[in-house]
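This is structure_38.tsv (TSV, C-alpha atoms).
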chain	number	residue	atom	x	y	z
A	57	MET	CA	-19.95	-45.02	12.78
A	58	PRO	CA	-18.13	-43.81	15.86
A	59	SER	CA	-17.46	-40.11	16.16
A	60	LYS	CA	-14.00	-38.76	15.46
A	61	LYS	CA	-11.78	-37.88	18.36
A	62	PRO	CA	-9.97	-34.57	18.54
A	63	ALA	CA	-6.31	-34.60	17.70
A	64	SER	CA	-3.96	-35.63	20.47
A	65	ASP	CA	-1.52	-33.41	22.32
A	66	GLU	CA	1.28	-34.78	20.16
A	67	THR	CA	-0.62	-33.71	17.06
A	68	ARG	CA	-1.14	-30.17	18.31
A	69	THR	CA	2.51	-29.86	19.28
A	70	ALA	CA	3.62	-30.97	15.83
A	71	SER	CA	1.33	-28.50	14.12
A	72	LEU	CA	2.72	-25.62	16.18
A	73	THR	CA	6.41	-26.13	15.49
A	74	VAL	CA	6.56	-23.68	12.61
A	75	ASP	CA	7.28	-20.01	13.20
A	76	GLY	CA	4.82	-17.17	13.17
A	77	SER	CA	3.62	-15.65	9.96
A	78	LEU	CA	5.70	-18.12	7.98
A	79	GLU	CA	3.88	-21.00	9.60
A	80	ASP	CA	2.57	-23.68	7.23
A	81	GLU	CA	-0.96	-25.00	7.03
A	82	TYR	CA	-1.60	-28.64	7.73
A	83	ALA	CA	-4.36	-30.92	6.54
A	84	MET	CA	-5.42	-33.35	9.26
A	85	LEU	CA	-7.10	-36.73	8.95
A	86	ASP	CA	-8.47	-38.10	12.23
A	87	ASP	CA	-8.68	-41.81	12.88
A	88	GLU	CA	-11.14	-43.66	15.05
A	89	ASP	CA	-8.59	-44.54	17.66
A	90	ASP	CA	-5.46	-42.60	18.53
A	91	SER	CA	-4.07	-44.87	21.21
A	92	ASN	CA	-0.42	-45.89	21.34
A	93	LEU	CA	0.63	-43.00	19.09
A	94	GLU	CA	4.21	-42.36	18.20
A	95	THR	CA	5.55	-39.55	16.04
A	96	VAL	CA	7.42	-40.09	12.80
A	97	SER	CA	8.62	-36.99	10.95
A	98	ASN	CA	10.61	-36.00	7.87
A	99	ALA	CA	10.97	-32.90	5.69
A	100	ASP	CA	7.71	-33.50	3.83
A	101	THR	CA	5.19	-35.02	6.23
A	102	PHE	CA	4.36	-35.60	9.87
A	103	SER	CA	2.84	-39.00	10.56
A	104	ILE	CA	1.43	-40.14	13.89
A	105	ALA	CA	0.94	-43.90	13.62
A	106	GLY	CA	-1.00	-46.26	15.85
A	107	SER	CA	-0.67	-49.97	16.30
A	108	ALA	CA	-0.70	-52.17	13.20
A	109	ASN	CA	-4.17	-53.65	13.78
A	110	GLU	CA	-5.91	-50.29	14.21
A	111	GLY	CA	-5.79	-49.22	10.56
A	112	VAL	CA	-5.32	-45.60	9.47
A	113	SER	CA	-4.01	-43.21	12.08
A	114	VAL	CA	-3.56	-39.45	12.26
A	115	LEU	CA	-1.74	-37.95	9.27
A	116	LEU	CA	-0.46	-34.39	9.04
A	117	THR	CA	0.51	-33.40	5.51
A	118	LYS	CA	2.17	-30.09	4.84
A	119	LYS	CA	0.52	-28.21	1.99
A	120	ASN	CA	2.90	-25.41	1.13
A	121	CYS	CA	6.22	-26.36	2.68
A	122	ALA	CA	9.60	-25.99	1.06
A	123	PRO	CA	11.80	-29.09	1.42
A	124	TRP	CA	14.20	-27.30	3.80
A	125	ASP	CA	11.58	-26.31	6.40
A	126	LEU	CA	12.97	-28.68	9.05
A	127	SER	CA	16.66	-28.03	8.30
A	128	TRP	CA	19.15	-26.56	10.72
A	129	SER	CA	18.09	-22.99	9.84
A	130	GLY	CA	14.49	-23.74	10.73
A	131	LYS	CA	15.48	-25.18	14.09
A	132	ILE	CA	17.51	-22.07	14.87
A	133	VAL	CA	14.82	-19.62	13.74
A	134	ASN	CA	12.09	-21.43	15.67
A	135	SER	CA	14.04	-21.68	18.90
A	136	ARG	CA	12.81	-19.52	21.78
A	137	ILE	CA	16.35	-18.44	22.62
A	138	PHE	CA	16.85	-17.10	19.10
A	139	LYS	CA	13.59	-15.11	19.15
A	140	ARG	CA	14.30	-13.56	22.53
A	141	SER	CA	17.89	-12.78	21.53
A	142	VAL	CA	16.65	-10.84	18.48
A	143	ILE	CA	14.29	-8.80	20.67
A	144	ILE	CA	17.12	-8.00	23.09
A	145	MET	CA	19.40	-6.98	20.20
A	146	ILE	CA	16.77	-4.61	18.79
A	147	VAL	CA	16.35	-2.94	22.19
A	148	LEU	CA	20.10	-2.66	22.79
A	149	ASN	CA	20.66	-1.30	19.28
A	150	SER	CA	18.02	1.38	19.87
A	151	ILE	CA	19.76	2.35	23.12
A	152	SER	CA	23.19	2.50	21.47
A	153	ILE	CA	21.87	4.78	18.70
A	154	ALA	CA	20.34	7.08	21.32
A	155	MET	CA	23.66	7.17	23.21
A	156	ALA	CA	25.38	8.48	20.08
A	157	THR	CA	23.39	11.73	20.44
A	158	MET	CA	24.57	12.44	23.99
A	159	ASP	CA	27.29	15.02	24.65
A	160	TRP	CA	29.40	12.72	26.82
A	161	VAL	CA	29.71	10.46	23.78
A	162	ARG	CA	29.75	12.94	20.89
A	163	ASP	CA	32.51	15.05	22.46
A	164	TYR	CA	34.91	12.09	22.57
A	165	PRO	CA	35.96	10.57	19.22
A	166	THR	CA	36.99	7.27	20.79
A	167	ARG	CA	33.55	6.80	22.35
A	168	MET	CA	31.84	7.71	19.07
A	169	MET	CA	34.04	5.17	17.30
A	170	ALA	CA	33.08	2.52	19.86
A	171	ILE	CA	29.37	3.25	19.39
A	172	SER	CA	29.79	3.09	15.60
A	173	ILE	CA	31.50	-0.29	15.87
A	174	VAL	CA	28.73	-1.59	18.14
A	175	ASN	CA	26.04	-0.40	15.70
A	176	ALA	CA	27.88	-2.02	12.80
A	177	ILE	CA	28.02	-5.31	14.72
A	178	PHE	CA	24.29	-5.11	15.37
A	179	LEU	CA	23.66	-4.51	11.67
A	180	ILE	CA	25.72	-7.58	10.77
A	181	LEU	CA	23.81	-9.68	13.33
A	182	PHE	CA	20.47	-8.47	11.97
A	183	THR	CA	21.60	-9.34	8.46
A	184	ILE	CA	22.56	-12.86	9.55
A	185	GLU	CA	19.20	-13.23	11.29
A	186	MET	CA	17.38	-12.21	8.12
A	187	LEU	CA	19.41	-14.64	6.01
A	188	LEU	CA	18.60	-17.48	8.42
A	189	ARG	CA	14.90	-16.72	8.12
A	190	PHE	CA	15.23	-16.65	4.33
A	191	LEU	CA	16.94	-20.05	4.32
A	192	TYR	CA	14.19	-21.36	6.56
A	193	ALA	CA	11.27	-19.94	4.56
A	194	GLY	CA	12.58	-20.02	1.03
A	195	PRO	CA	10.40	-18.19	-1.54
A	196	ARG	CA	7.66	-17.83	1.09
A	197	PHE	CA	9.88	-15.21	2.73
A	198	PHE	CA	8.82	-12.69	0.08
A	199	ALA	CA	5.13	-13.47	0.60
A	200	ASP	CA	5.19	-12.26	4.21
A	201	GLY	CA	4.68	-8.53	4.82
A	202	TRP	CA	6.70	-8.41	8.05
A	203	SER	CA	9.64	-10.17	6.38
A	204	LEU	CA	9.59	-7.66	3.52
A	205	PHE	CA	9.54	-4.85	6.10
A	206	ASP	CA	12.64	-6.34	7.77
A	207	LEU	CA	14.31	-6.68	4.37
A	208	PHE	CA	13.64	-3.03	3.57
A	209	ILE	CA	14.90	-1.77	6.94
A	210	ILE	CA	18.10	-3.84	6.95
A	211	THR	CA	18.92	-3.23	3.29
A	212	SER	CA	18.33	0.50	3.68
A	213	SER	CA	20.53	0.55	6.78
A	214	TRP	CA	23.44	-0.82	4.76
A	215	PHE	CA	23.04	1.88	2.12
A	216	VAL	CA	22.54	4.84	4.45
A	217	TYR	CA	25.00	3.73	7.16
A	218	PRO	CA	28.02	5.58	5.66
A	219	LEU	CA	26.02	8.79	5.31
A	220	LEU	CA	26.17	10.91	8.46
A	221	GLY	CA	22.95	12.75	7.68
A	222	PHE	CA	20.98	9.51	7.47
A	223	ARG	CA	22.40	7.58	10.37
A	224	MET	CA	19.37	8.22	12.54
A	225	PHE	CA	17.35	6.29	9.94
A	226	ARG	CA	18.59	3.20	11.76
A	227	LEU	CA	16.19	4.04	14.57
A	228	VAL	CA	13.43	2.73	12.31
A	229	ARG	CA	14.80	-0.71	13.13
A	230	ALA	CA	13.08	-0.38	16.51
A	231	LEU	CA	9.80	-0.87	14.63
A	232	ARG	CA	10.86	-4.47	14.06
A	233	LEU	CA	9.70	-5.08	17.62
A	234	ALA	CA	6.18	-4.97	16.22
A	235	LYS	CA	6.86	-8.34	14.61
A	236	ARG	CA	8.85	-9.85	17.44
A	237	VAL	CA	6.43	-8.98	20.25
A	238	LYS	CA	3.13	-10.77	19.73
A	239	GLU	CA	0.92	-8.11	21.32
A	240	LEU	CA	2.51	-5.35	19.24
A	241	GLN	CA	1.97	-7.45	16.14
A	242	TYR	CA	-1.75	-7.75	16.91
A	243	MET	CA	-2.00	-4.01	17.51
A	244	ALA	CA	-0.26	-3.28	14.21
A	245	LYS	CA	-2.63	-5.68	12.48
A	246	ALA	CA	-5.59	-3.89	14.05
A	247	LEU	CA	-4.33	-0.51	12.81
A	248	LEU	CA	-3.87	-1.88	9.30
A	249	THR	CA	-7.34	-3.42	9.41
A	250	SER	CA	-8.88	-0.07	10.32
A	251	ALA	CA	-6.89	1.83	7.65
A	252	PRO	CA	-9.77	2.17	5.11
A	253	GLN	CA	-12.18	3.54	7.72
A	254	MET	CA	-9.47	5.82	9.09
A	255	PHE	CA	-8.83	7.20	5.61
A	256	CYS	CA	-12.52	8.03	5.16
A	257	ILE	CA	-12.62	9.77	8.54
A	258	PHE	CA	-9.51	11.84	7.79
A	259	PHE	CA	-10.92	12.74	4.38
A	260	LEU	CA	-14.14	14.05	5.96
A	261	LEU	CA	-12.12	15.84	8.65
A	262	THR	CA	-9.99	17.51	5.96
A	263	ILE	CA	-13.10	18.75	4.14
A	264	GLN	CA	-14.56	20.16	7.34
A	265	PHE	CA	-11.22	21.71	8.28
A	266	TYR	CA	-11.04	23.42	4.89
A	267	ILE	CA	-14.58	24.81	5.26
A	268	PHE	CA	-13.89	26.22	8.73
A	269	THR	CA	-10.59	27.70	7.52
A	270	ILE	CA	-12.41	29.72	4.89
A	271	VAL	CA	-15.16	30.77	7.32
A	272	PHE	CA	-12.78	31.92	10.09
A	273	THR	CA	-10.55	33.76	7.62
A	274	ASP	CA	-13.52	35.57	6.11
A	275	LEU	CA	-14.95	36.54	9.51
A	276	PHE	CA	-11.82	37.52	11.47
A	277	LYS	CA	-9.04	38.30	8.98
A	278	ASP	CA	-8.82	42.04	9.85
A	279	LEU	CA	-8.62	41.72	13.64
A	280	TYR	CA	-4.81	41.71	13.80
A	281	LYS	CA	-4.46	44.67	11.43
A	282	GLN	CA	-6.90	46.62	13.56
A	283	GLY	CA	-4.94	45.80	16.71
A	284	HIS	CA	-7.64	43.73	18.41
A	285	THR	CA	-5.59	40.52	18.77
A	286	SER	CA	-2.12	40.03	20.21
A	287	GLN	CA	-1.07	37.74	17.33
A	288	ASP	CA	-2.01	37.17	13.72
A	289	TYR	CA	-4.50	34.31	13.91
A	290	PHE	CA	-6.77	34.61	10.87
A	291	SER	CA	-5.27	36.97	8.26
A	292	ARG	CA	-4.45	34.26	5.67
A	293	LEU	CA	-5.67	30.73	4.95
A	294	ASP	CA	-2.41	29.12	6.05
A	295	THR	CA	-2.37	31.17	9.28
A	296	THR	CA	-6.00	30.31	9.97
A	297	CYS	CA	-5.32	26.63	9.29
A	298	PHE	CA	-2.53	26.59	11.85
A	299	THR	CA	-4.70	28.43	14.38
A	300	LEU	CA	-7.56	25.97	13.90
A	301	PHE	CA	-5.18	23.05	14.38
A	302	GLN	CA	-4.06	24.66	17.61
A	303	ILE	CA	-7.70	24.99	18.64
A	304	LEU	CA	-8.28	21.36	17.62
A	305	THR	CA	-5.68	20.29	20.18
A	306	LEU	CA	-7.44	22.50	22.79
A	307	ASP	CA	-4.22	24.47	23.24
A	308	VAL	CA	-5.08	27.95	24.67
A	309	TRP	CA	-8.18	28.03	22.48
A	310	SER	CA	-10.11	29.95	25.13
A	311	GLU	CA	-7.55	32.80	25.05
A	312	ILE	CA	-7.91	33.10	21.28
A	313	ALA	CA	-11.68	32.99	21.56
A	314	HIS	CA	-11.78	35.68	24.26
A	315	GLU	CA	-9.65	38.04	22.17
A	316	VAL	CA	-12.04	37.63	19.26
A	317	MET	CA	-15.14	37.83	21.47
A	318	ALA	CA	-13.95	41.20	22.80
A	319	VAL	CA	-14.77	42.54	19.33
A	320	TYR	CA	-17.51	40.13	18.25
A	321	PRO	CA	-19.47	38.81	21.25
A	322	TRP	CA	-21.17	36.19	19.06
A	323	ALA	CA	-17.79	34.67	18.09
A	324	TRP	CA	-18.13	31.99	20.76
A	325	PHE	CA	-20.51	30.07	18.51
A	326	PRO	CA	-18.10	29.23	15.61
A	327	PHE	CA	-15.38	28.35	18.12
A	328	VAL	CA	-17.58	26.01	20.13
A	329	PHE	CA	-19.16	24.50	17.02
A	330	PHE	CA	-15.73	23.81	15.52
A	331	ILE	CA	-14.49	22.10	18.70
A	332	MET	CA	-17.67	20.04	19.07
A	333	THR	CA	-17.56	18.74	15.50
A	334	THR	CA	-13.83	18.02	15.40
A	335	THR	CA	-12.33	17.26	18.80
A	336	PHE	CA	-15.44	15.67	20.31
A	337	PHE	CA	-16.83	13.97	17.20
A	338	PHE	CA	-14.15	13.01	14.70
A	339	LEU	CA	-11.47	12.18	17.23
A	340	ASN	CA	-13.86	9.99	19.21
A	341	LEU	CA	-14.94	8.40	15.95
A	342	ILE	CA	-11.31	7.53	15.23
A	343	ILE	CA	-10.98	5.97	18.68
A	344	ALA	CA	-14.17	3.95	18.10
A	345	VAL	CA	-12.87	2.60	14.78
A	346	ILE	CA	-9.55	1.56	16.34
A	347	CYS	CA	-11.31	-0.12	19.29
A	348	GLU	CA	-13.56	-2.05	16.91
A	349	ALA	CA	-10.56	-3.21	14.89
A	350	VAL	CA	-8.74	-4.33	18.05
A	351	SER	CA	-11.85	-6.23	19.14
A	352	LYS	CA	-12.10	-8.01	15.77
A	353	VAL	CA	-8.43	-8.98	15.82
A	354	GLY	CA	-8.77	-10.25	19.38
A	355	HIS	CA	-11.82	-12.32	18.40
A	356	ALA	CA	-9.97	-13.80	15.43
A	357	ARG	CA	-7.06	-14.58	17.74
A	358	GLN	CA	-9.33	-16.49	20.12
A	359	ILE	CA	-10.82	-18.48	17.24
A	360	ALA	CA	-7.34	-19.32	15.94
A	361	GLU	CA	-6.25	-20.47	19.40
A	362	LEU	CA	-9.36	-22.62	19.70
A	363	LYS	CA	-8.60	-24.21	16.33
A	364	ARG	CA	-5.09	-24.97	17.47
A	365	GLN	CA	-6.34	-26.61	20.64
A	366	MET	CA	-8.82	-28.72	18.64
A	367	GLY	CA	-6.17	-29.62	16.08
A	368	LEU	CA	-8.08	-28.10	13.17
A	369	PRO	CA	-6.34	-26.92	10.00
A	370	ASN	CA	-6.21	-23.39	8.62
A	371	ALA	CA	-5.48	-21.82	12.00
A	372	ASP	CA	-4.33	-18.25	12.10
A	373	THR	CA	-0.63	-18.03	11.38
A	374	ASP	CA	0.24	-14.59	12.63
A	375	ASP	CA	1.98	-15.57	15.81
A	376	SER	CA	5.68	-14.98	15.96
Would you mind giving the structure from this file in structure tokens?
Amino acid sequence: MPSKKPASDETRTASLTVDGSLEDEYAMLDDEDDSNLETVSNADTFSIAGSANEGVSVLLTKKNCAPWDLSWSGKIVNSRIFKRSVIIMIVLNSISIAMATMDWVRDYPTRMMAISIVNAIFLILFTIEMLLRFLYAGPRFFADGWSLFDLFIITSSWFVYPLLGFRMFRLVRALRLAKRVKELQYMAKALLTSAPQMFCIFFLLTIQFYIFTIVFTDLFKDLYKQGHTSQDYFSRLDTTCFTLFQILTLDVWSEIAHEVMAVYPWAWFPFVFFIMTTTFFFLNLIIAVICEAVSKVGHARQIAELKRQMGLPNADTDDS
């Protein structure tokens, strides 16, 4: 029995016409000869047929597709011009919101009115874009996390738009770039993948922070009352916690340590031990977890791309 040939270029192109995370999965049946192929498509199947005397050809059957996947809304949503236009609108909307905070705009009611009109137009365009993607995806729209995020942002913008105190909430719309820009989408996926490990690390860091807060408060709480320090660093648990966070960021920690060491020469040890076990250990551990997650996502991306090139089903569908 002759070996099966990989899917043709036409096959791979057909299987990549659906958009991003809403992309459908295709089941592929390879034939023994894919010569003289021509593409026949409708709303339910893709068929690539060979000549009549060559028997069964390549068949692409959509598993989970709504009947309107190849309608006019799908063609608009999948077009490259549409995707790039949405990215440009998100960037311009973020700039217009930032301009509303500037004095040369806020001091002139007509300019503020113009900015408000522009932001309202952007909100209407984003709503139309979301409706087009809903028409294209159908019920599968609600199964996609990024689409639900867009729905939350746009719906919330309509409700909070009339409220002056919540207008800056619209800046959250800039986060929609994480879906529109492929590299940002992979980075967001890596952060979500590392979330369980990150939670465990922060939990351990919180326990250690609490222990050091009690220790530093117990050892150095009377220094400010006795006039040995220029500021109150360790008199209460909340004050000590803030001081330790300042030391964690390596912000003027040596000045604080020298003031304490002027009274207790051995005080260098708890300071150095705290920095070594937090800044140099936990923070580097966090970086290691994120790097590992990015590496795994990148590896999965390479495998998905290889599957696409080979025409295999069940390829990763996270591209936008």
### Message
Taking (9.4, -11.1, 7.5) as a centre in this file's frame and 8 Å as the limit, can you find every polymer residue with an atom that close, using all atoms listed in the file, and give them as a count of residues only?
### Response
13
### Message
For a quick check of understanding, using all atoms listed in the file, which of A:Glu239, A:Glu185, A:Asp163, A:Glu311 has the smallest distance to Lys139 of chain A?
### Response
A:Glu185
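When all atoms listed in the file are used to compute distances to Ile171 of chain A, the closest of the residues A:Ala199, A:Leu261, A:Leu148, A:Ile184 turns out to be A:Leu148.
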#### Entry: Atomic separation - atom CA of Phe336 of chain A relative to atom CA of Cys256 of chain A, Å
17.2 Å
### Message
Ranking A:Ile151, A:Ala246, A:Ile137, A:Val161 by minimum distance to Lys352 of chain A and counting all atoms listed in the file, which one comes first?
### Response
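Using all atoms listed in the file, Lys352 of chain A sits closest to A:Ala246.
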### Query
Between atom CA of Pro252 of chain A and atom CA of Phe298 of chain A, what is the distance, to one decimal in Å?
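Here the two named atoms are 26.3 Å from each other.
Of the listed residues A:Ile331, A:Ile257, A:Leu300, A:Val316, the one whose atoms come nearest to Ile343 of chain A is A:Ile257, with distances taken using all atoms listed in the file.
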### Task
Taking (18.8, -23.2, 10.6) in the file's own coordinates, collect the residues within 12 Å, counting all atoms listed in the file, and hand them back as a PyMOL selection string.
chain A and resi 124-135+138+184-194
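Proximity of A:Ser310, A:Gln241, A:Thr269, A:Gln264 to Phe338 of chain A, computed with all atoms listed in the file, is greatest for A:Gln264.
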### Query
Which residue gives the smallest distance to Ala244 of chain A among A:Leu231, A:Leu306, A:Trp322, A:Met366, with all atoms listed in the file counted?
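The answer is A:Leu231, which sits nearest to Ala244 of chain A.
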Residues near Tyr280 of chain A, cut-off 8 Å, only C-alpha atoms, skip fewer than 4 positions along chain, as a tab-separated table (two decimals) with C-alpha atoms, keeping the file's coordinate frame:
chain	number	residue	atom	x	y	z
A	284	HIS	CA	-7.64	43.73	18.41
A	285	THR	CA	-5.59	40.52	18.77
A	286	SER	CA	-2.12	40.03	20.21
A	287	GLN	CA	-1.07	37.74	17.33
A	288	ASP	CA	-2.01	37.17	13.72
A	289	TYR	CA	-4.50	34.31	13.91
A	290	PHE	CA	-6.77	34.61	10.87
A	291	SER	CA	-5.27	36.97	8.26
### Message
I'd like the interatomic distance between atom CA of Leu181 of chain A and atom CA of Ala154 of chain A, to a tenth of an Å.
### Response
18.9 Å
